[in-house]
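In what follows, a single structure is set out as structure tokens and then discussed.
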Amino acid sequence: MKIVVAIKQVPDRDAPVRIAADEKWIEERELQWAMNEPDAYALEEALQLKEKHGGEVIVLSAGPERVGSTIREALAKGADRAIHIVCDELGAGAGGGLRNFDALGVARLLAEAIKPESPDLVLTGLQSEDLGLCQTGVILAELLGLPHSTLILHVEKTDAGLKVKRELEEGWFQSIEMPLPAVLAMQSGGNKLRYATLMGIKRAKTKELRAVNAAELGVQAGAVVTLEQISAPKKQKSTQMLGGSAKEAATALVEKLKTEARVL
Amino acid sequence: MMNLLPILGEPRQFAIWEQGLFVALAGASVYGFWRRFGPILGKILQSKRDPDFHLFPIGKRVWDFVWEVLLQAKVIRERPLAGLAHALVFWAFCAFGLVTLNHCAVVFGLGFLDPAGRVGRFYFDVAAIFAIACAVGILGLFVRRFLVRTKWLGELSWGSGLVALLIFALMATYLAAFFVTAPGGAVQALWWAHTITLLAFLPLIPHTKHLHLVLSPFTVFFSCGEFAHIPPLSGDEDFGLVAGKDLTRLVSLQAYSCVECGRCMEHCPANATGKELNPKEIVLGLRGYLNEFGPKSEEALLGKYESQRAAFECTTCGACEFQCPVGIEHVPILVGLRRGAVNTGAWENDYGSKLFLALEKGSNALGMAAAERDKFVEKSALPIFDGTQDYCLWLGCMGGYDPRGRAIVLALVRVMRHLGASFGVLRKEKCTGDPVRRLGNDLLFQQLAEANLEALAQNRVKKIITICPHCVRTIQEDWKEFGTPPEVEHHSEFLARHLGELSCVSGRDFSRAEIAGKTAGALAPEQARNEKIVFHDPCYLGRYRGVYDEPRQVAALAGELVEAPRSHERSFCCGAGGGLAFLGEEKGERVSHVRAAELVATGAGVVAAACPFCNTMFQDALAARGEDAPELLDIAQLVARGLPEEQ
């Protein structure tokens with residue numbers, strides 16, 4: 001199986017988030033960067049499919065120079081080769097975020113890089129941890145003219161194609177049989193992630209990492225969606241006192257946790 | 001003193017056929033010896049060179065040789081009776097060097113010690129005293145092995161029985177020669193008896209664990225000299241101890257030197273609590289591997305002869321390495337086996353992966369957001385290190401994120417303020433990497449060490465104080481592989497220097513109620529009584545750093561000290577080291593519970609700790625004992641409680 005995994009480098013979870021002066025993005029100067037978590041699960045699924053069925057895993061990412069470290073991490077974990085779409089417009093220099101490329105733009109870049117590879121399967125993460133649009137994978141499928149499915153936890157290869165397990169709400173799952181080639185948007189948590197190893201990193205040094213840019217791919221920048229403003233959520237605090245006996249109060253509390261707070 | 005014994009009977013003349021027979025038998029004996037020893041020596045020499053071996057400075061090597069081999073100090077100190085018996089046998093062997101040489105020279109008429117001459121007679125008399133001592137010693141050891149059957153010695157070994165018999169026979173035939181005065185048949189026969197015993201003994205040596213006779217002086221001399229030293233990896237293809245080709249000369253030498261005495265096994269906390277790990281079997285497993293596959297093999301070490309599961313049950317407490325009388329270094333072997341599994345991704349463990357992933361992305365081993373530490377530092381109004389203070393107070397993962405660790409930090413801060421010490425904490429810390437280092441993840445360790453060294457240099461940190469012995473060890477020793485770490489010490493060492501200024505603490509009486517914080521206000525005189533304190537030596541402070549007295553001096557400020565049965569270099573691990581605090585412990589008894597029971601049995605009202613990991617492990621273990629459990633406090637907390645109230 002030839003599998004392409006599209007990954008995104010996002011600010012590290014631990015990062016202090018400070019809104020930039022122009023309120024169009026966050027301050028990127030002091031940020032640490034990491035692989036988007038759903039993408040890490042996509043990569044893990046791809047590597048497990050390769051281990052079971054043979055083939056090749058190609059990792060693909062669009063972004064500035066710094067994205068290289070996340071690509072190398074993917075190579076170290078077992079991907080066979082990588083394509084880096086070098087794209088400064090996505091970086092801090094141009095204010096970051098959606099300034100010049102929106103989800104459609106990014107999907108176009110990815111699609112042009114993927115088409116010559118003719119893979120059997122394309123995996124993306126369900127959504128990114130910074131913007132959380134959930135669109136790129138779906139648009140990519142459309143641009144490639146391939147069937148797609150989202151919120152995938154497990155992928156099984158069948159004679160006819162694939163059988164995938166989708167996560168729905170309230171603990172429900174859905175199984176879908178679909179043909180190959182296809183695009184899947186992966187949910188987090190379906191597998192146990194593997195850790196990066198010294199051997200992986202050493203081997204990664206010899207693996208192919210090909211760089212291309214938007215011009216070579218024939219994709220023009222020009223977003224159809226613009227980000228107007230971002231702001232920090234306002235902190236709110238409200239207290240409800242529950243009266244009555246301990247038993248009554250407990251019953252009321254459980255009710256509220258179920259219906260209002262939705263944590264039960 | 002002179003002429004205690006009759007003159008030693010020595011044959012005057014040997015017939016040609018006797019000389020010929022001697023040469024033939026000696027030749028066969030040496031051949032028998034070499035046939036087995038040659039390949040072993042070959043395997044050792046064919047092993048990979050140790051990457052960081054340096055002969056100099058030679059002083060410590062010579063001293064260790066004199067102390068441990070010639071004086072048999074470790075052998076005797078850690079198992080007095082058996083050790084002394086062994087020492088007697090060993091010293092007799094040394095004394096017999098010239099005797100044996102002379103014995104063999106005599107057959108060609110080249111004897112150089114005249115039994116009737118002054119020098120010769122003196123020498124033989126002294127040797128006789130050693131011979132008696134040796135005979136007594138070997139008899140004692142025989143009784144211990146075959147009649148008492150100490151369990152550490154393992155299965156009954158007939159090879160050992162035979163060797164004991166031969167040694168006894170050697171001494172007996174030597175001593176008998178003093179009482180056979182008339183020259184002729186009897187003297188000649190006795191000479192031959194001694195010779196045949198000797199020549200039978202020689203080829204047996206490399207076939208049994210008595211090979212240590214030949215090897216262990218070299219093992220002690222060449223062994224690393226630093227305790228639990230983890231060697232650097234050499235080159236791009238080195239991932240640790242994966243296969244035979246990764247075994248170095250020192251490791252191979254150590255594998256063949258093992259005397260199977262079982263001291264390592266006796267002191268292993270994993271072995272004592274029903275785990276699969278047995279340090280003796282780890283070493284003997286390497287020997288078995290080398291015998292079957294050799295030092296160039298690609299066959300995996302973790303397979304027929306070594307168990308991956310056992311390798312990951314080790315807390316790296318070092319008790320095994322500390323006890324070994326022949327200089328085997330168990331800790332680097334275990335870490336090496338782990339490296340082989342982790343660096344190649346062969347180790348699959350949920351907890352382990354969780355730990356590695358937490359440190360790949362985050363800053364601490366507990367997997368918590370860095371903002372949590374920031375909040376703690378801010379809320380506690382801890383001074384920030386800006387390069388001007390004397391000390392950088394390193395919180396570590398436990399001090400920064402764990403509630404008990406934080407309590408220890410706050411107590412230490414209170415004491416340091418009282419002492420007027422100038423210190424600050426860093427804005428950001430990354431884990432020193434101790435758990436991943438001991439688990440064998442060199443990729444992650446290198447990343448953490450380098451990032452930390454850079455951050456410390458940028459912040460102009462010169463001296464570090466920390467509450468965690470693991471941080472101390474990792475910063476001072478393990479980071480050396482990637483740069484020059486700043487000076488670092490444990491808070492017990494710092495506090496011990498200021499005992500004079502902390503004398504106010506010992507003026508206070510602690511009652512049980514006050515310690516539990518249950519009553520406020522003045523103490524009624526009848527409620528006040530000094531609580532006994534038992535100090536638990538952390539592995540990484542005691543055996544690893546040799547710091548035993550300082551924390552006791554500090555704890556003694558707060559009460560009367562009692563000692564646990566296993567203390568100082570024999571302290572029984574709390575079970576958290578080696579990264580094990582982050583893994584599961586499913587088999588056997590919990591190490592922490594066993595140790596806690598031992599501490600409680602001393603009758604102390606307070607268990608004093610000096611490591612946040614020990615503290616966390618015992619918290620759980622003592623809580624399981626219920627209401628009557630002793631109080632658990634770090635030495636910093638013991639001191640802080642005794643300080644006058646802050647204004």
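Order determines the names: the first chain of the structure tokens is A, the second B, and so forth; residues in each chain are numbered 1 upward, and ligands are numbered 1 upward as they are shown.
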If you run DSSP on the backbone, which residues of segment 164-249 of chain A are strand (DSSP E or B), as a list in words?
Val164, Lys165, Arg166, Glu167, Phe173, Gln174, Ser175, Ile176, Glu177, Met178, Ala182, Val183, Leu184, Ala185, Met186, Leu209, Arg210, Ala211, Val212 and Asn213 of chain A
With C-alpha atoms retained, export the selected residues as an mmCIF file, in the first residue's frame.
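Contents of again14.cif, freshly written:
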data_model
loop_
_atom_site.group_PDB
_atom_site.id
_atom_site.type_symbol
_atom_site.label_atom_id
_atom_site.label_comp_id
_atom_site.auth_asym_id
_atom_site.auth_seq_id
_atom_site.Cartn_x
_atom_site.Cartn_y
_atom_site.Cartn_z
ATOM 1 C CA VAL A 164 -13.171 1.898 8.554
ATOM 2 C CA LYS A 165 -14.534 2.610 12.012
ATOM 3 C CA ARG A 166 -15.974 6.089 12.508
ATOM 4 C CA GLU A 167 -16.540 7.715 15.857
ATOM 5 C CA PHE A 173 -19.496 4.042 16.208
ATOM 6 C CA GLN A 174 -20.150 3.467 12.548
ATOM 7 C CA SER A 175 -18.467 0.985 10.224
ATOM 8 C CA ILE A 176 -18.131 1.855 6.574
ATOM 9 C CA GLU A 177 -16.844 -0.185 3.680
ATOM 10 C CA MET A 178 -15.255 1.890 0.974
ATOM 11 C CA ALA A 182 -9.527 7.106 -0.706
ATOM 12 C CA VAL A 183 -8.872 9.961 1.721
ATOM 13 C CA LEU A 184 -9.461 9.555 5.457
ATOM 14 C CA ALA A 185 -9.504 12.232 8.180
ATOM 15 C CA MET A 186 -8.258 10.520 11.353
ATOM 16 C CA LEU A 209 13.225 14.820 2.089
ATOM 17 C CA ARG A 210 12.201 16.634 -1.081
ATOM 18 C CA ALA A 211 11.414 20.350 -0.956
ATOM 19 C CA VAL A 212 9.063 22.060 -3.410
ATOM 20 C CA ASN A 213 7.385 25.446 -3.389
#
Please run DSSP on the backbone and report, as a PyMOL selection string, all residues within segment 1-248 of chain A that come out as alpha helix (DSSP H).
chain A and resi 37-53+67-77+103-114+136-144+198-204+214-217+246-248
Give me the chain A side of the contact with chain B, cut-off 8 Å, one line per residue showing its nearest atom pair and distance in Å at one decimal, counting only C-alpha atoms, sorted by chain and residue number, as a tab-separated table.
residue	atom	partner	partner_atom	distance
A:Asp12	CA	B:Lys361	CA	7.3
A:Arg13	CA	B:Ala369	CA	7.8
A:Asp14	CA	B:Ala369	CA	5.5
A:Ala34	CA	B:Lys361	CA	6.9
A:Lys192	CA	B:Asp350	CA	7.8
A:Leu193	CA	B:Ser353	CA	7.6
A:Arg194	CA	B:Ser353	CA	6.6
A:Tyr195	CA	B:Ser353	CA	5.9
A:Ala196	CA	B:Leu443	CA	7.8
A:Thr197	CA	B:Asn343	CA	5.0
A:Leu198	CA	B:Leu443	CA	4.9
A:Met199	CA	B:Thr344	CA	5.3
A:Gly200	CA	B:Thr344	CA	7.4
A:Lys202	CA	B:Asp236	CA	6.8
Which residues, written as JSON, numbers by chain, have at least one atom at most 12 Å from segment 135-149 of chain A, with only C-alpha atoms counted and residues fewer than 5 positions away on the same chain left out?
{"A": [5, 6, 7, 8, 38, 39, 42, 101, 102, 103, 104, 105, 106, 107, 108, 109, 110, 111, 112, 113, 114, 115, 116, 117, 118, 119, 120, 121, 122, 123, 124, 125, 126, 127, 128, 154, 155, 161, 162, 163, 164, 165, 166, 167, 174, 175, 176, 177, 178, 179, 180, 181, 182, 183, 184, 185, 186, 187]}
From A:Leu31, A:Ala232, A:Ala74, A:Leu217, residue lying nearest Ala46 of chain A [only C-alpha atoms]
A:Ala74
So how many Å separate atom CA of Glu481 of chain B and atom CA of Pro435 of chain B, to one decimal?
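Straight-line distance from atom CA of Glu481 of chain B to atom CA of Pro435 of chain B works out to 16.4 Å.
Of the listed residues (A:Ser231, A:Asn36, A:Thr239, A:Gln9), A:Ser231 comes nearest to Lys24 of chain A; the distances count only C-alpha atoms.
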Using only C-alpha atoms, pick whichever of A:Glu169, A:Glu208, A:Asp130, A:Glu156 has the shortest atom-to-atom distance to Lys52 of chain A.
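Once distances to Lys52 of chain A are computed over only C-alpha atoms, the minimum belongs to A:Glu156.
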Choose the residue, out of A:Glu37, A:Leu49, A:Thr158, A:Val10, that has the smallest atom-to-atom separation from Val67 of chain A; count only C-alpha atoms.
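Ranking A:Glu37, A:Leu49, A:Thr158, A:Val10 by distance to Val67 of chain A, first place goes to A:Val10.
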Could you work out how far atom CA of Asp88 of chain A lies from atom CA of Ala21 of chain A, giving the answer in Å with one decimal?
20.3 Å
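Atom pair atom CA of Val283 of chain B / atom CA of Gly546 of chain B: separated by 25.1 Å.
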Pick the closest to Ser47 of chain B from B:Glu429, B:Asp246, B:Glu585, B:Glu298: which is it, counting only C-alpha atoms?
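Selected residue with least distance to Ser47 of chain B: B:Asp246.
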